[in-house]
$ cat entry01.cif   # mmCIF, C-alpha atoms and all ligand atoms
data_target
loop_
_atom_site.group_PDB
_atom_site.id
_atom_site.type_symbol
_atom_site.label_atom_id
_atom_site.label_comp_id
_atom_site.auth_asym_id
_atom_site.auth_seq_id
_atom_site.Cartn_x
_atom_site.Cartn_y
_atom_site.Cartn_z
ATOM 1 C CA MET T 194 45.402 52.558 128.633
ATOM 2 C CA LYS T 195 46.751 54.242 131.780
ATOM 3 C CA SER T 196 46.912 50.965 133.679
ATOM 4 C CA LYS T 197 49.173 49.309 131.096
ATOM 5 C CA PRO T 198 52.882 48.853 131.868
ATOM 6 C CA ILE T 199 55.725 50.888 130.417
ATOM 7 C CA ALA T 200 58.112 48.824 128.293
ATOM 8 C CA VAL T 201 61.859 49.255 128.723
ATOM 9 C CA PHE T 202 64.323 47.410 126.506
ATOM 10 C CA ASP T 203 68.045 46.934 126.048
ATOM 11 C CA SER T 204 70.350 44.382 124.448
ATOM 12 C CA GLY T 205 70.718 42.898 127.918
ATOM 13 C CA LEU T 206 70.863 44.006 131.497
ATOM 14 C CA GLY T 207 72.448 47.449 131.041
ATOM 15 C CA GLY T 208 69.020 49.037 130.830
ATOM 16 C CA LEU T 209 68.408 47.990 134.419
ATOM 17 C CA THR T 210 70.492 51.044 135.356
ATOM 18 C CA VAL T 211 67.871 53.153 133.568
ATOM 19 C CA LEU T 212 64.988 51.137 134.982
ATOM 20 C CA ARG T 213 66.256 51.882 138.488
ATOM 21 C CA ALA T 214 65.973 55.631 137.846
ATOM 22 C CA LEU T 215 62.542 55.205 136.223
ATOM 23 C CA ARG T 216 61.202 53.264 139.206
ATOM 24 C CA ASP T 217 62.673 55.787 141.659
ATOM 25 C CA ARG T 218 60.907 58.644 139.908
ATOM 26 C CA LEU T 219 57.689 56.836 138.974
ATOM 27 C CA PRO T 220 57.152 54.223 141.703
ATOM 28 C CA GLN T 221 53.428 53.982 140.948
ATOM 29 C CA GLU T 222 53.989 52.771 137.361
ATOM 30 C CA ASP T 223 54.169 49.153 136.187
ATOM 31 C CA PHE T 224 57.181 48.207 134.065
ATOM 32 C CA PHE T 225 57.945 45.406 131.624
ATOM 33 C CA TYR T 226 61.717 45.112 131.131
ATOM 34 C CA PHE T 227 62.962 43.195 128.109
ATOM 35 C CA ALA T 228 66.599 42.117 127.766
ATOM 36 C CA ASP T 229 67.352 40.999 124.212
ATOM 37 C CA THR T 230 70.073 38.732 125.568
ATOM 38 C CA ARG T 231 70.021 36.415 122.576
ATOM 39 C CA PHE T 232 71.506 39.224 120.498
ATOM 40 C CA LEU T 233 73.854 40.737 123.100
ATOM 41 C CA PRO T 234 76.047 42.601 122.380
ATOM 42 C CA TYR T 235 74.329 45.086 120.066
ATOM 43 C CA GLY T 236 77.469 47.205 119.961
ATOM 44 C CA ASP T 237 79.210 45.376 117.120
ATOM 45 C CA ARG T 238 76.150 44.568 115.001
ATOM 46 C CA PRO T 239 75.301 46.243 111.693
ATOM 47 C CA GLU T 240 72.989 49.215 111.832
ATOM 48 C CA VAL T 241 70.438 47.610 109.512
ATOM 49 C CA PHE T 242 70.140 44.584 111.823
ATOM 50 C CA LEU T 243 69.563 46.830 114.850
ATOM 51 C CA LYS T 244 66.965 48.848 112.996
ATOM 52 C CA GLU T 245 64.976 45.749 112.012
ATOM 53 C CA ARG T 246 65.331 44.164 115.430
ATOM 54 C CA GLY T 247 64.334 47.396 117.204
ATOM 55 C CA VAL T 248 61.172 47.789 115.110
ATOM 56 C CA LEU T 249 60.279 44.107 115.568
ATOM 57 C CA ILE T 250 60.624 44.430 119.360
ATOM 58 C CA ALA T 251 58.665 47.696 119.483
ATOM 59 C CA GLU T 252 55.798 46.271 117.409
ATOM 60 C CA ALA T 253 55.671 43.123 119.548
ATOM 61 C CA LEU T 254 55.545 45.268 122.687
ATOM 62 C CA VAL T 255 52.629 47.228 121.261
ATOM 63 C CA ARG T 256 50.780 43.945 120.579
ATOM 64 C CA ARG T 257 51.582 42.793 124.105
ATOM 65 C CA GLY T 258 49.931 45.949 125.434
ATOM 66 C CA VAL T 259 52.133 48.713 126.831
ATOM 67 C CA LYS T 260 51.470 52.452 127.119
ATOM 68 C CA ALA T 261 54.960 53.808 126.418
ATOM 69 C CA LEU T 262 58.389 52.596 125.377
ATOM 70 C CA VAL T 263 61.808 53.477 126.757
ATOM 71 C CA ILE T 264 64.753 52.474 124.575
ATOM 72 C CA ALA T 265 67.220 51.977 127.436
ATOM 73 C CA CYS T 266 70.134 51.409 125.099
ATOM 74 C CA ASN T 267 72.330 54.014 123.415
ATOM 75 C CA THR T 268 73.240 51.639 120.603
ATOM 76 C CA ALA T 269 69.620 50.771 119.757
ATOM 77 C CA THR T 270 68.705 54.455 119.943
ATOM 78 C CA ALA T 271 71.489 55.448 117.575
ATOM 79 C CA ALA T 272 70.488 52.814 115.028
ATOM 80 C CA ALA T 273 66.740 52.476 115.401
ATOM 81 C CA ALA T 274 65.035 55.296 117.342
ATOM 82 C CA GLU T 275 63.721 57.064 114.249
ATOM 83 C CA ALA T 276 62.482 53.835 112.661
ATOM 84 C CA ILE T 277 60.792 52.799 115.926
ATOM 85 C CA ARG T 278 59.084 56.178 116.266
ATOM 86 C CA ALA T 279 57.820 55.908 112.708
ATOM 87 C CA ALA T 280 56.557 52.349 113.261
ATOM 88 C CA ILE T 281 54.534 52.678 116.452
ATOM 89 C CA ASP T 282 51.997 55.099 117.786
ATOM 90 C CA LEU T 283 53.101 55.323 121.423
ATOM 91 C CA PRO T 284 55.222 57.769 123.427
ATOM 92 C CA VAL T 285 58.855 56.697 122.897
ATOM 93 C CA VAL T 286 61.747 57.855 125.073
ATOM 94 C CA ALA T 287 65.159 57.327 123.546
ATOM 95 C CA LEU T 288 68.457 58.073 125.178
ATOM 96 C CA GLU T 289 71.762 59.369 123.946
ATOM 97 C CA PRO T 290 75.185 59.834 125.529
ATOM 98 C CA GLY T 291 75.139 62.844 127.902
ATOM 99 C CA VAL T 292 77.356 65.073 125.763
ATOM 100 C CA LYS T 293 75.120 68.135 126.244
ATOM 101 C CA PRO T 294 75.352 68.190 130.067
ATOM 102 C CA ALA T 295 79.075 67.367 129.827
ATOM 103 C CA VAL T 296 79.663 70.578 127.837
ATOM 104 C CA GLY T 297 78.348 72.629 130.749
ATOM 105 C CA LEU T 298 80.456 70.776 133.296
ATOM 106 C CA THR T 299 83.945 70.500 131.831
ATOM 107 C CA ARG T 300 86.615 72.929 133.004
ATOM 108 C CA SER T 301 89.507 71.359 131.128
ATOM 109 C CA GLY T 302 87.619 71.431 127.806
ATOM 110 C CA VAL T 303 88.287 67.713 127.367
ATOM 111 C CA ILE T 304 85.341 65.309 127.526
ATOM 112 C CA GLY T 305 85.667 61.529 127.395
ATOM 113 C CA VAL T 306 82.815 59.454 125.971
ATOM 114 C CA LEU T 307 82.759 55.713 126.601
ATOM 115 C CA ALA T 308 80.303 53.883 124.339
ATOM 116 C CA THR T 309 79.954 51.036 121.890
ATOM 117 C CA THR T 310 81.545 51.168 118.461
ATOM 118 C CA ARG T 311 78.108 51.290 116.808
ATOM 119 C CA THR T 312 76.997 54.281 118.915
ATOM 120 C CA LEU T 313 80.158 56.270 118.254
ATOM 121 C CA HIS T 314 80.090 55.584 114.505
ATOM 122 C CA SER T 315 76.440 56.590 114.190
ATOM 123 C CA GLU T 316 75.323 59.709 112.397
ATOM 124 C CA ARG T 317 73.260 60.595 115.432
ATOM 125 C CA PHE T 318 76.349 60.734 117.670
ATOM 126 C CA GLN T 319 78.344 62.711 115.100
ATOM 127 C CA ARG T 320 75.478 65.212 114.965
ATOM 128 C CA LEU T 321 75.288 65.421 118.751
ATOM 129 C CA VAL T 322 78.982 66.303 119.026
ATOM 130 C CA GLY T 323 78.888 68.630 116.004
ATOM 131 C CA ASN T 324 75.909 70.563 117.348
ATOM 132 C CA HIS T 325 76.918 70.869 120.979
ATOM 133 C CA ALA T 326 80.605 70.196 121.551
ATOM 134 C CA HIS T 327 82.437 71.219 118.370
ATOM 135 C CA HIS T 328 84.464 73.798 120.332
ATOM 136 C CA LEU T 329 85.731 71.188 122.812
ATOM 137 C CA GLN T 330 87.955 68.149 122.603
ATOM 138 C CA VAL T 331 85.699 65.106 122.627
ATOM 139 C CA LEU T 332 87.515 61.803 123.048
ATOM 140 C CA ALA T 333 85.189 59.114 121.759
ATOM 141 C CA GLN T 334 86.468 55.838 123.202
ATOM 142 C CA ALA T 335 84.847 52.707 121.807
ATOM 143 C CA CYS T 336 84.708 49.857 124.314
ATOM 144 C CA PRO T 337 84.271 46.616 122.337
ATOM 145 C CA GLY T 338 83.608 43.650 124.598
ATOM 146 C CA LEU T 339 82.911 45.678 127.735
ATOM 147 C CA ALA T 340 79.105 45.410 127.938
ATOM 148 C CA GLU T 341 79.249 41.668 127.326
ATOM 149 C CA ALA T 342 82.042 41.150 129.867
ATOM 150 C CA ILE T 343 80.120 43.124 132.516
ATOM 151 C CA GLU T 344 77.133 40.884 131.954
ATOM 152 C CA VAL T 345 78.795 37.518 131.447
ATOM 153 C CA GLN T 346 81.947 37.669 133.594
ATOM 154 C CA GLY T 347 80.615 40.249 136.056
ATOM 155 C CA PRO T 348 81.439 43.897 136.884
ATOM 156 C CA ASP T 349 84.217 42.900 139.308
ATOM 157 C CA SER T 350 85.872 40.324 137.053
ATOM 158 C CA PRO T 351 89.527 40.490 135.954
ATOM 159 C CA VAL T 352 88.357 40.612 132.321
ATOM 160 C CA VAL T 353 86.395 43.807 132.979
ATOM 161 C CA ALA T 354 89.316 45.296 134.935
ATOM 162 C CA ALA T 355 91.711 44.645 132.042
ATOM 163 C CA LEU T 356 89.305 46.160 129.504
ATOM 164 C CA LEU T 357 88.807 49.245 131.677
ATOM 165 C CA ASP T 358 92.565 49.690 132.057
ATOM 166 C CA GLY T 359 92.847 49.911 128.285
ATOM 167 C CA PHE T 360 89.798 52.109 127.673
ATOM 168 C CA VAL T 361 90.021 54.595 130.554
ATOM 169 C CA ALA T 362 93.769 55.295 130.800
ATOM 170 C CA PRO T 363 93.916 57.316 127.530
ATOM 171 C CA LEU T 364 91.130 59.589 128.790
ATOM 172 C CA ALA T 365 92.991 60.292 132.031
ATOM 173 C CA THR T 366 96.222 60.956 130.137
ATOM 174 C CA ALA T 367 94.471 63.397 127.786
ATOM 175 C CA GLY T 368 93.111 65.457 130.699
ATOM 176 C CA ALA T 369 89.392 64.631 130.482
ATOM 177 C CA ASP T 370 87.551 65.896 133.550
ATOM 178 C CA VAL T 371 84.076 64.670 132.536
ATOM 179 C CA ILE T 372 83.376 61.103 131.447
ATOM 180 C CA VAL T 373 80.126 60.382 129.670
ATOM 181 C CA LEU T 374 78.891 56.842 130.266
ATOM 182 C CA GLY T 375 77.445 56.402 126.794
ATOM 183 C CA CYS T 376 76.268 52.825 127.238
ATOM 184 C CA THR T 377 73.715 51.778 129.819
ATOM 185 C CA HIS T 378 75.902 48.875 130.949
ATOM 186 C CA TYR T 379 78.689 51.155 132.134
ATOM 187 C CA PRO T 380 77.063 52.607 135.284
ATOM 188 C CA TRP T 381 77.557 49.091 136.713
ATOM 189 C CA VAL T 382 81.307 49.818 136.635
ATOM 190 C CA ALA T 383 81.176 53.553 137.446
ATOM 191 C CA ASP T 384 83.275 53.125 140.596
ATOM 192 C CA ALA T 385 85.934 51.176 138.729
ATOM 193 C CA ILE T 386 86.052 53.897 136.045
ATOM 194 C CA ALA T 387 86.276 56.658 138.678
ATOM 195 C CA ARG T 388 89.203 54.854 140.367
ATOM 196 C CA ARG T 389 91.130 55.033 137.084
ATOM 197 C CA MET T 390 90.578 58.803 136.712
ATOM 198 C CA PRO T 391 91.979 61.707 138.778
ATOM 199 C CA PRO T 392 89.902 62.627 141.855
ATOM 200 C CA GLY T 393 87.144 65.122 141.055
ATOM 201 C CA THR T 394 86.355 63.674 137.610
ATOM 202 C CA THR T 395 82.612 63.842 136.891
ATOM 203 C CA LEU T 396 80.885 60.727 135.557
ATOM 204 C CA LEU T 397 77.587 61.244 133.743
ATOM 205 C CA ASP T 398 74.894 58.706 133.090
ATOM 206 C CA THR T 399 71.454 59.278 131.638
ATOM 207 C CA GLY T 400 69.060 57.426 133.977
ATOM 208 C CA GLU T 401 67.771 60.496 135.784
ATOM 209 C CA PRO T 402 67.147 62.774 132.751
ATOM 210 C CA VAL T 403 65.449 59.873 130.951
ATOM 211 C CA ALA T 404 63.120 59.408 133.939
ATOM 212 C CA ARG T 405 62.205 63.109 133.876
ATOM 213 C CA GLN T 406 61.583 62.946 130.130
ATOM 214 C CA LEU T 407 59.339 59.887 130.538
ATOM 215 C CA GLU T 408 57.361 61.650 133.264
ATOM 216 C CA ARG T 409 56.885 64.700 131.004
ATOM 217 C CA LEU T 410 55.755 62.579 128.070
ATOM 218 C CA LEU T 411 53.304 60.561 130.171
ATOM 219 C CA THR T 412 51.894 63.773 131.608
ATOM 220 C CA THR T 413 51.357 65.450 128.241
ATOM 221 C CA SER T 414 49.823 62.246 126.827
ATOM 222 C CA ASP T 415 47.570 61.936 129.883
ATOM 223 C CA LEU T 416 49.038 58.519 130.644
ATOM 224 C CA LEU T 417 50.658 59.165 134.015
ATOM 225 C CA GLY T 418 49.607 56.895 136.887
ATOM 226 C CA GLY T 419 47.319 53.906 136.855
ATOM 227 C CA GLY T 420 49.851 51.225 137.743
ATOM 228 C CA GLU T 421 50.658 49.449 140.997
ATOM 229 C CA GLY T 422 54.450 49.484 141.006
ATOM 230 C CA ARG T 423 54.729 46.017 139.455
ATOM 231 C CA LEU T 424 57.834 44.882 137.602
ATOM 232 C CA ARG T 425 58.258 42.010 135.149
ATOM 233 C CA VAL T 426 61.597 41.103 133.634
ATOM 234 C CA ALA T 427 61.945 39.037 130.453
ATOM 235 C CA THR T 428 64.762 37.839 128.238
ATOM 236 C CA SER T 429 65.002 36.435 124.727
ATOM 237 C CA GLY T 430 67.788 34.173 126.019
ATOM 238 C CA ALA T 431 67.656 31.484 128.671
ATOM 239 C CA PRO T 432 66.216 32.900 131.920
ATOM 240 C CA ALA T 433 68.393 30.483 133.925
ATOM 241 C CA ALA T 434 71.512 31.990 132.363
ATOM 242 C CA VAL T 435 70.739 35.571 133.377
ATOM 243 C CA ILE T 436 68.916 35.205 136.673
ATOM 244 C CA ALA T 437 72.060 35.227 138.839
ATOM 245 C CA THR T 438 73.340 38.386 137.130
ATOM 246 C CA VAL T 439 69.948 40.073 137.400
ATOM 247 C CA ASN T 440 69.839 39.351 141.116
ATOM 248 C CA ARG T 441 73.397 40.520 141.674
ATOM 249 C CA LEU T 442 72.993 43.744 139.688
ATOM 250 C CA TRP T 443 69.520 44.566 140.968
ATOM 251 C CA GLY T 444 70.387 43.638 144.551
ATOM 252 C CA GLU T 445 67.277 41.551 145.161
ATOM 253 C CA HIS T 446 65.574 38.533 143.657
ATOM 254 C CA LEU T 447 63.545 39.245 140.514
ATOM 255 C CA PRO T 448 61.803 36.483 138.585
ATOM 256 C CA VAL T 449 62.868 36.374 134.918
ATOM 257 C CA GLU T 450 60.638 34.962 132.190
ATOM 258 C CA TYR T 451 61.290 34.038 128.572
ATOM 259 C CA TRP T 452 59.724 36.303 125.957
ATOM 260 C CA GLU T 453 60.083 36.153 122.206
ATOM 261 C CA PRO T 454 59.122 39.377 120.410
HETATM 262 N N1 LIG F 1 73.586 48.813 126.754
HETATM 263 C C1 LIG F 1 73.793 49.145 125.418
HETATM 264 C C2 LIG F 1 74.027 50.612 125.157
HETATM 265 O O1 LIG F 1 73.569 51.431 125.904
HETATM 266 C C3 LIG F 1 74.455 48.222 124.445
HETATM 267 C C4 LIG F 1 75.506 47.291 124.862
HETATM 268 C C5 LIG F 1 75.720 46.252 123.801
HETATM 269 O O2 LIG F 1 74.845 45.407 123.663
HETATM 270 O O3 LIG F 1 76.731 46.313 123.084
HETATM 271 O O4 LIG F 1 74.637 50.987 124.201
#
$ encode --input "entry01.cif" --output "structure tokens"
Amino acid sequence: MKSKPIAVFDSGLGGLTVLRALRDRLPQEDFFYFADTRFLPYGDRPEVFLKERGVLIAEALVRRGVKALVIACNTATAAAAEAIRAAIDLPVVALEPGVKPAVGLTRSGVIGVLATTRTLHSERFQRLVGNHAHHLQVLAQACPGLAEAIEVQGPDSPVVAALLDGFVAPLATAGADVIVLGCTHYPWVADAIARRMPPGTTLLDTGEPVARQLERLLTTSDLLGGGEGRLRVATSGAPAAVIATVNRLWGEHLPVEYWEP
């Protein structure tokens, strides 16, 4: 079991920002990254669809043979984490927007959260804010179209710039001093977000804490180690359509295969 890879999945290539942190922390592990590109973006899809799709992917990954699963997608976590945990018997790491650390960091008392519509409307997110940040002003800014534009048009494209202008300006105006990147695609445009905020604004993503959590879970399940640092990347879309973006975002050539859960 120890020698099996760890599965990481997202609606697309956003989860590569999480994968980077996982590989930095656990370089000896093997990873299988799955981008569900055929259904990108998840952010505007109904919760019931995401729940069914998430369980289907998780069960297919178990059949494929993996030792743990990282849901590297805030939207899939919000909709499907509980159903996935109930469906499979493997360590599962889910992620959520970094509201808790933001509470400890804000001085202005105003926190901005950038995420998909589905994440922000979820019960899970409402609970997170209610439990940890009810005494602060939390500006939940939905960013429809942003994840897809980052992936399809590219992080430096005019389309992304125009979307960011619209989504980030209200947070700056309202005095937010911490911005939670509540979608795993957004770290690809962290610099562009920072440029639209006053100097000194803190941007939070969840790659690093997720990597620590995975390490803890593997340790307590006696599953840590046993790999050789291998990485396979798969998509439910056309590999030819995503390969250029994978290479650009990852910074080196990675082969991409087709996989149907
Ligand atoms: N990367 C995803 C997230 O963390 C979802 C983006 C999308 O497919 O809408 O929420």
$ resolve_selection --input "entry01.cif" --expression "the PyMOL selection byres (((chain T and resi 336) around 12) and not hetatm)" --output "MDAnalysis selection string"
chainID T and resid 234 236:237 306:313 333:335 337:343 353 355:361 374:376 378:379
$ residues_around --input "entry01.cif" --residues "T:Arg423" --least-positions-apart "4" --cutoff "8 Å" --atoms "only C-alpha atoms" --output "PDB file with C-alpha atoms, keeping the file's coordinate frame"
ATOM      1  CA  GLU T 222      53.989  52.771 137.361  1.00  0.00           C
ATOM      2  CA  ASP T 223      54.169  49.153 136.187  1.00  0.00           C
ATOM      3  CA  PHE T 224      57.181  48.207 134.065  1.00  0.00           C
TER       4      PHE T 224
END
$ axis_aligned_box --input "entry01.cif" --around "stretch 238-257 of chain T" --padding-each-side "8 Å" --output "lines of an AutoDock Vina configuration file"
center_x = 63.5
center_y = 46.0
center_z = 116.8
size_x = 41.4
size_y = 22.4
size_z = 30.6
$ closest_residue --input "entry01.cif" --among "T:Leu283, T:Val248, T:Ala326, T:Ala265" --to "T:Asp398" --atoms "only C-alpha atoms"
T:Ala265
$ closest_residue --input "entry01.cif" --among "T:Thr377, T:Thr270, T:Ser301, T:Thr394" --to "ligand LIG 1 (chain F)" --atoms "only C-alpha atoms and all ligand atoms"
T:Thr377
$ closest_residue --input "entry01.cif" --among "T:Leu233, T:Ala433, T:Val403, T:Val371" --to "ligand LIG 1 (chain F)" --atoms "all atoms listed in the file"
T:Leu233
$ residues_around --input "entry01.cif" --residues "T:Phe232" --least-positions-apart "2" --cutoff "9 Å" --atoms "all atoms listed in the file" --output "list in words"
Ser204, Gly205, Asp229, Thr230, Pro234, Tyr235, Arg238, Ser429 and Gly430 of chain T
$ closest_residue --input "entry01.cif" --among "T:Ala253, T:Val286, T:Val345, T:Leu364" --to "T:Ala434" --atoms "only C-alpha atoms"
T:Val345
